[in-house]
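I have placed the structure first, in the form of structure tokens, so that the comments after it can refer back to it.
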Amino acid sequence: MKMKAGCSQLKPVLLIFIFNLCFYASYELTELQLCELCSGTVLNVSTVGQFCSSSAGRIERRCCWRHDNTSDREHIIGLDLSNCSLTHIEDLQGASTALMIDLSLNPIVNISNSTFQGFVELNYMILPQDIVCPGGNSSWEKVEVNGTNRICEGQKDMCNQTGQLSINCPENSLCAPYGPGFFECSCADNYHGYKCLREGEFPTLQVFGPLGGCTFVITLLLWVTQRRKAKSL
């Protein structure tokens with residue numbers, strides 16, 4: 001009965017776990033779709049093209065790719081969607097690792113600040129002249145209009161100091177930048193729970209122990225069921 005109750009309580013956890021697996025499995029497709037959002041490729045003489053060349057990156061369609069320092073996986077460091085006839089910018093999360101993004105020469109109506117939430121590495125943007133920099137001018141070190149383009153350069157840290165206790169976050173938590181105009185709070189060491197009010201180590205065994213047990217039981221039941229079906233055939 002205890003095992004059954006435990007598995008029942010963990011059904012939402014399992015569903016969330018499965019959802020996350022599906023989400024990250026589709027993440028690569030999202031990146032590739034962004035690179036093919038419009039025809040053409042990054043020109044070597046363009047701002048993103050020159051940045052890609054100086055950063056030892058690799059151009060593919062509308063993206064500049066580069067290996068990170070910790071693994072062999074490539075990620076997007078530059079995205080050039082200039083002159084793509086885009087009127088709305090909705091989902092660019094596949095390029096959240098980008099350092100430079102060019103959205104110039106597009107009839108964009110408006111860009112939501114939340115579009116670039118999580119773009120912590122973004123340091124240079126080229127936008128149509130009448131589009132405000134994400135997070136507002138106060139979120140950037142330098143904002144200037146150059147011809148028909150607006151340049152947003154040097155994303156500011158919205159915390160008092162990265163990795164330090166901040167008045168923007170609850171007590172016992174740390175502040176870290178989370179994109180133009182955004183920050184996120186995480187619990188300091190030895191604190192966890194709602195607003196980091198619980199002191200002590202996170203109960204890893206109590207949380208993941210039953211989850212592992214339920215996963216094992218479900219896997220075993222599926223295996224036995226499949227063997228019975230195979231024998232019956």
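Lettering and numbering for the structure tokens are positional, with chains as A, B, ... in the shown order, residues counted from 1 in each chain, and ligands counted from 1 in the shown order.
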Taking the DSSP assignment computed from this structure's backbone, write out as a list in words all residues of range 34-201 of chain A that belong to alpha helix (DSSP H).
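Across range 34-201 of chain A, those assigned alpha helix (DSSP H) are Leu34, Cys35, Thr47, Val48, Gly49, Gln50, Phe51, Cys52, Ser53 and Ser54 of chain A.
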Mind dumping the selected residues with C-alpha atoms as an mmCIF file, in the first residue's frame?
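New file again19.cif:
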data_model
loop_
_atom_site.group_PDB
_atom_site.id
_atom_site.type_symbol
_atom_site.label_atom_id
_atom_site.label_comp_id
_atom_site.auth_asym_id
_atom_site.auth_seq_id
_atom_site.Cartn_x
_atom_site.Cartn_y
_atom_site.Cartn_z
ATOM 1 C CA LEU A 34 15.768 29.300 -36.476
ATOM 2 C CA CYS A 35 18.709 29.019 -38.850
ATOM 3 C CA THR A 47 28.231 42.312 -38.845
ATOM 4 C CA VAL A 48 27.329 38.774 -37.750
ATOM 5 C CA GLY A 49 29.577 37.307 -40.455
ATOM 6 C CA GLN A 50 32.595 39.331 -39.318
ATOM 7 C CA PHE A 51 31.865 38.454 -35.687
ATOM 8 C CA CYS A 52 31.612 34.767 -36.595
ATOM 9 C CA SER A 53 34.926 34.846 -38.430
ATOM 10 C CA SER A 54 36.723 36.580 -35.558
#
May I have the residues within 8 Å of Thr148 in chain A as a PyMOL selection string, using only C-alpha atoms and disregarding those fewer than 5 positions away in the same chain?
chain A and resi 105+128-129
Give me the residues near range 183-188 of chain A as a list in words, where near means some atom within 9 Å (using only C-alpha atoms) and where sequence neighbours in that chain fewer than 6 positions away do not count.
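Surrounding residues, per the criterion: Gln117, Gly118, Asp157, Met158, Cys159, Leu165, Ser166, Asn168, Cys169, Pro170, Glu171, Asn172, Ser173, Leu174, Cys175, Ala176, Pro177, Lys195, Cys196 and Leu197 of chain A.
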Restricting it to N, CA and C atoms, dump the selection as a CSV table (one decimal), in the first residue's frame.
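See selection.csv below for the written result:
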chain,number,residue,atom,x,y,z
A,117,GLN,N,14.2,36.6,-22.6
A,117,GLN,CA,14.4,36.1,-21.2
A,117,GLN,C,15.3,34.9,-21.3
A,118,GLY,N,16.4,34.9,-20.5
A,118,GLY,CA,17.3,33.8,-20.5
A,118,GLY,C,18.5,34.0,-21.4
A,157,ASP,N,24.1,44.0,-16.1
A,157,ASP,CA,23.8,43.0,-15.0
A,157,ASP,C,22.7,43.7,-14.2
A,158,MET,N,21.5,43.0,-14.1
A,158,MET,CA,20.4,43.6,-13.4
A,158,MET,C,20.5,43.4,-11.8
A,159,CYS,N,21.5,42.6,-11.4
A,159,CYS,CA,21.7,42.4,-10.0
A,159,CYS,C,22.7,43.4,-9.5
A,165,LEU,N,24.5,38.4,-2.6
A,165,LEU,CA,23.2,38.6,-2.0
A,165,LEU,C,22.6,39.9,-2.6
A,166,SER,N,21.4,39.9,-3.0
A,166,SER,CA,20.8,41.1,-3.6
A,166,SER,C,19.5,41.5,-3.0
A,168,ASN,N,17.1,42.6,-4.6
A,168,ASN,CA,16.1,42.2,-5.5
A,168,ASN,C,15.5,40.8,-5.2
A,169,CYS,N,16.2,40.0,-4.5
A,169,CYS,CA,15.8,38.6,-4.2
A,169,CYS,C,15.5,38.4,-2.8
A,170,PRO,N,14.7,37.4,-2.4
A,170,PRO,CA,14.4,37.1,-1.0
A,170,PRO,C,15.6,36.9,-0.2
A,171,GLU,N,15.5,37.0,1.1
A,171,GLU,CA,16.6,36.7,2.0
A,171,GLU,C,17.1,35.2,1.8
A,172,ASN,N,18.3,35.0,2.0
A,172,ASN,CA,19.0,33.7,1.8
A,172,ASN,C,19.0,33.2,0.3
A,173,SER,N,19.0,34.2,-0.6
A,173,SER,CA,19.0,33.8,-2.0
A,173,SER,C,20.1,34.6,-2.7
A,174,LEU,N,20.5,34.1,-3.9
A,174,LEU,CA,21.5,34.8,-4.7
A,174,LEU,C,20.8,35.3,-6.0
A,175,CYS,N,21.3,36.4,-6.5
A,175,CYS,CA,20.8,37.0,-7.7
A,175,CYS,C,21.8,36.8,-8.9
A,176,ALA,N,21.2,36.5,-10.1
A,176,ALA,CA,22.0,36.3,-11.3
A,176,ALA,C,21.3,36.8,-12.5
A,177,PRO,N,21.9,37.4,-13.4
A,177,PRO,CA,21.3,38.0,-14.6
A,177,PRO,C,20.6,36.9,-15.4
A,195,LYS,N,10.8,30.5,-1.4
A,195,LYS,CA,11.5,31.8,-1.0
A,195,LYS,C,12.7,31.5,-0.2
A,196,CYS,N,13.3,30.2,-0.3
A,196,CYS,CA,14.5,29.8,0.3
A,196,CYS,C,14.4,30.0,1.9
A,197,LEU,N,13.2,29.7,2.4
A,197,LEU,CA,13.0,29.8,3.8
A,197,LEU,C,13.4,28.6,4.6
Residue with smallest distance to His75 in chain A - pool A:Thr30, A:Gln155, A:Asn106, A:Thr219, counting only C-alpha atoms
A:Thr30
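CA of Tyr124 in chain A sits 16.3 Å away from CA of Trp65 in chain A.
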Excluding Ser114 in chain A and residues on its chain fewer than 2 positions from it, collect all residues at most 9 Å away from it, counting only C-alpha atoms, and give them as a list in words.
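Surrounding residues, per the criterion: Ile111, Ser112, Phe116, Gln117, Gly118, Pro134, Gly135, Gly179, Pro180 and Phe182 of chain A.
When CA of Leu127 in chain A is paired with CA of Val145 in chain A, their separation reads 9.3 Å.
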Enter the distance from CA of Glu153 in chain A to CA of Val132 in chain A, in Å, rounded to one decimal.
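Spanning CA of Glu153 in chain A to CA of Val132 in chain A is a straight-line distance of 12.6 Å.
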Please, which residues of range 77-128 of chain A, numbered as in this document, come out strand (DSSP E or B) from DSSP, as a list in words?
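Those in range 77-128 of chain A that DSSP calls strand (DSSP E or B) are Ile77, Gly78, Leu79, Asp80, His88, Ile89, Met100, Ile101, Asp102, Asn110, Ile111, Tyr124, Met125, Ile126, Leu127 and Pro128 of chain A.
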Next, the residues of the selection above should be written as a compact mmCIF listing (two decimals), in the first residue's frame with N, CA and C atoms.
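Okay, this is what ended up in result13.txt:
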# COMPACT_ATOMS: atom_id res chain seq x y z
N ILE A 77 26.12 31.19 -31.58
CA ILE A 77 26.69 32.39 -30.97
C ILE A 77 26.29 33.65 -31.75
N GLY A 78 25.80 33.46 -32.96
CA GLY A 78 25.35 34.59 -33.76
C GLY A 78 24.14 34.21 -34.59
N LEU A 79 23.17 35.12 -34.67
CA LEU A 79 21.94 34.88 -35.43
C LEU A 79 21.65 36.10 -36.29
N ASP A 80 21.60 35.91 -37.60
CA ASP A 80 21.35 36.99 -38.54
C ASP A 80 20.02 36.76 -39.25
N HIS A 88 6.71 39.91 -36.70
CA HIS A 88 6.63 39.58 -35.28
C HIS A 88 7.79 38.66 -34.89
N ILE A 89 8.31 38.88 -33.72
CA ILE A 89 9.36 38.04 -33.16
C ILE A 89 8.80 37.38 -31.92
N MET A 100 25.37 37.67 -30.34
CA MET A 100 24.98 38.74 -31.27
C MET A 100 23.77 38.31 -32.08
N ILE A 101 22.80 39.24 -32.21
CA ILE A 101 21.60 38.99 -33.00
C ILE A 101 21.30 40.21 -33.86
N ASP A 102 21.05 39.98 -35.14
CA ASP A 102 20.72 41.05 -36.09
C ASP A 102 19.30 40.85 -36.60
N ASN A 110 6.49 45.05 -33.03
CA ASN A 110 6.86 45.17 -31.61
C ASN A 110 7.57 43.89 -31.18
N ILE A 111 8.43 44.01 -30.17
CA ILE A 111 9.11 42.85 -29.60
C ILE A 111 8.87 42.84 -28.10
N TYR A 124 25.15 42.12 -28.06
CA TYR A 124 25.07 43.07 -29.18
C TYR A 124 23.85 42.74 -30.03
N MET A 125 23.00 43.77 -30.25
CA MET A 125 21.80 43.59 -31.06
C MET A 125 21.69 44.71 -32.08
N ILE A 126 21.20 44.34 -33.25
CA ILE A 126 20.90 45.32 -34.29
C ILE A 126 19.40 45.21 -34.58
N LEU A 127 18.67 46.31 -34.36
CA LEU A 127 17.22 46.32 -34.50
C LEU A 127 16.80 47.41 -35.47
N PRO A 128 15.57 47.32 -35.99
CA PRO A 128 15.04 48.45 -36.76
C PRO A 128 15.01 49.70 -35.87
Selection: 9 Å around Ser39 in chain A, only C-alpha atoms, excl. self and same-chain fewer than 3 positions, as a ChimeraX atom specification
/A:36,61-62,84
Save out the residues we just selected, C-alpha atoms, as a compact mmCIF listing (two decimals), in the first residue's frame.
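Output contents, as saved in part-v7.txt:
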# COMPACT_ATOMS: atom_id res chain seq x y z
CA GLU A 36 16.28 28.27 -41.67
CA ARG A 61 22.36 29.33 -43.16
CA ARG A 62 21.41 32.22 -40.86
CA CYS A 84 13.65 38.41 -43.57
Given only C-alpha atoms as the counted atoms, nearest of A:Val120, A:Ser82, A:Gln226, A:Gln33 to Ser46 in chain A:
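Under the stated criterion, the closest residue is A:Ser82.
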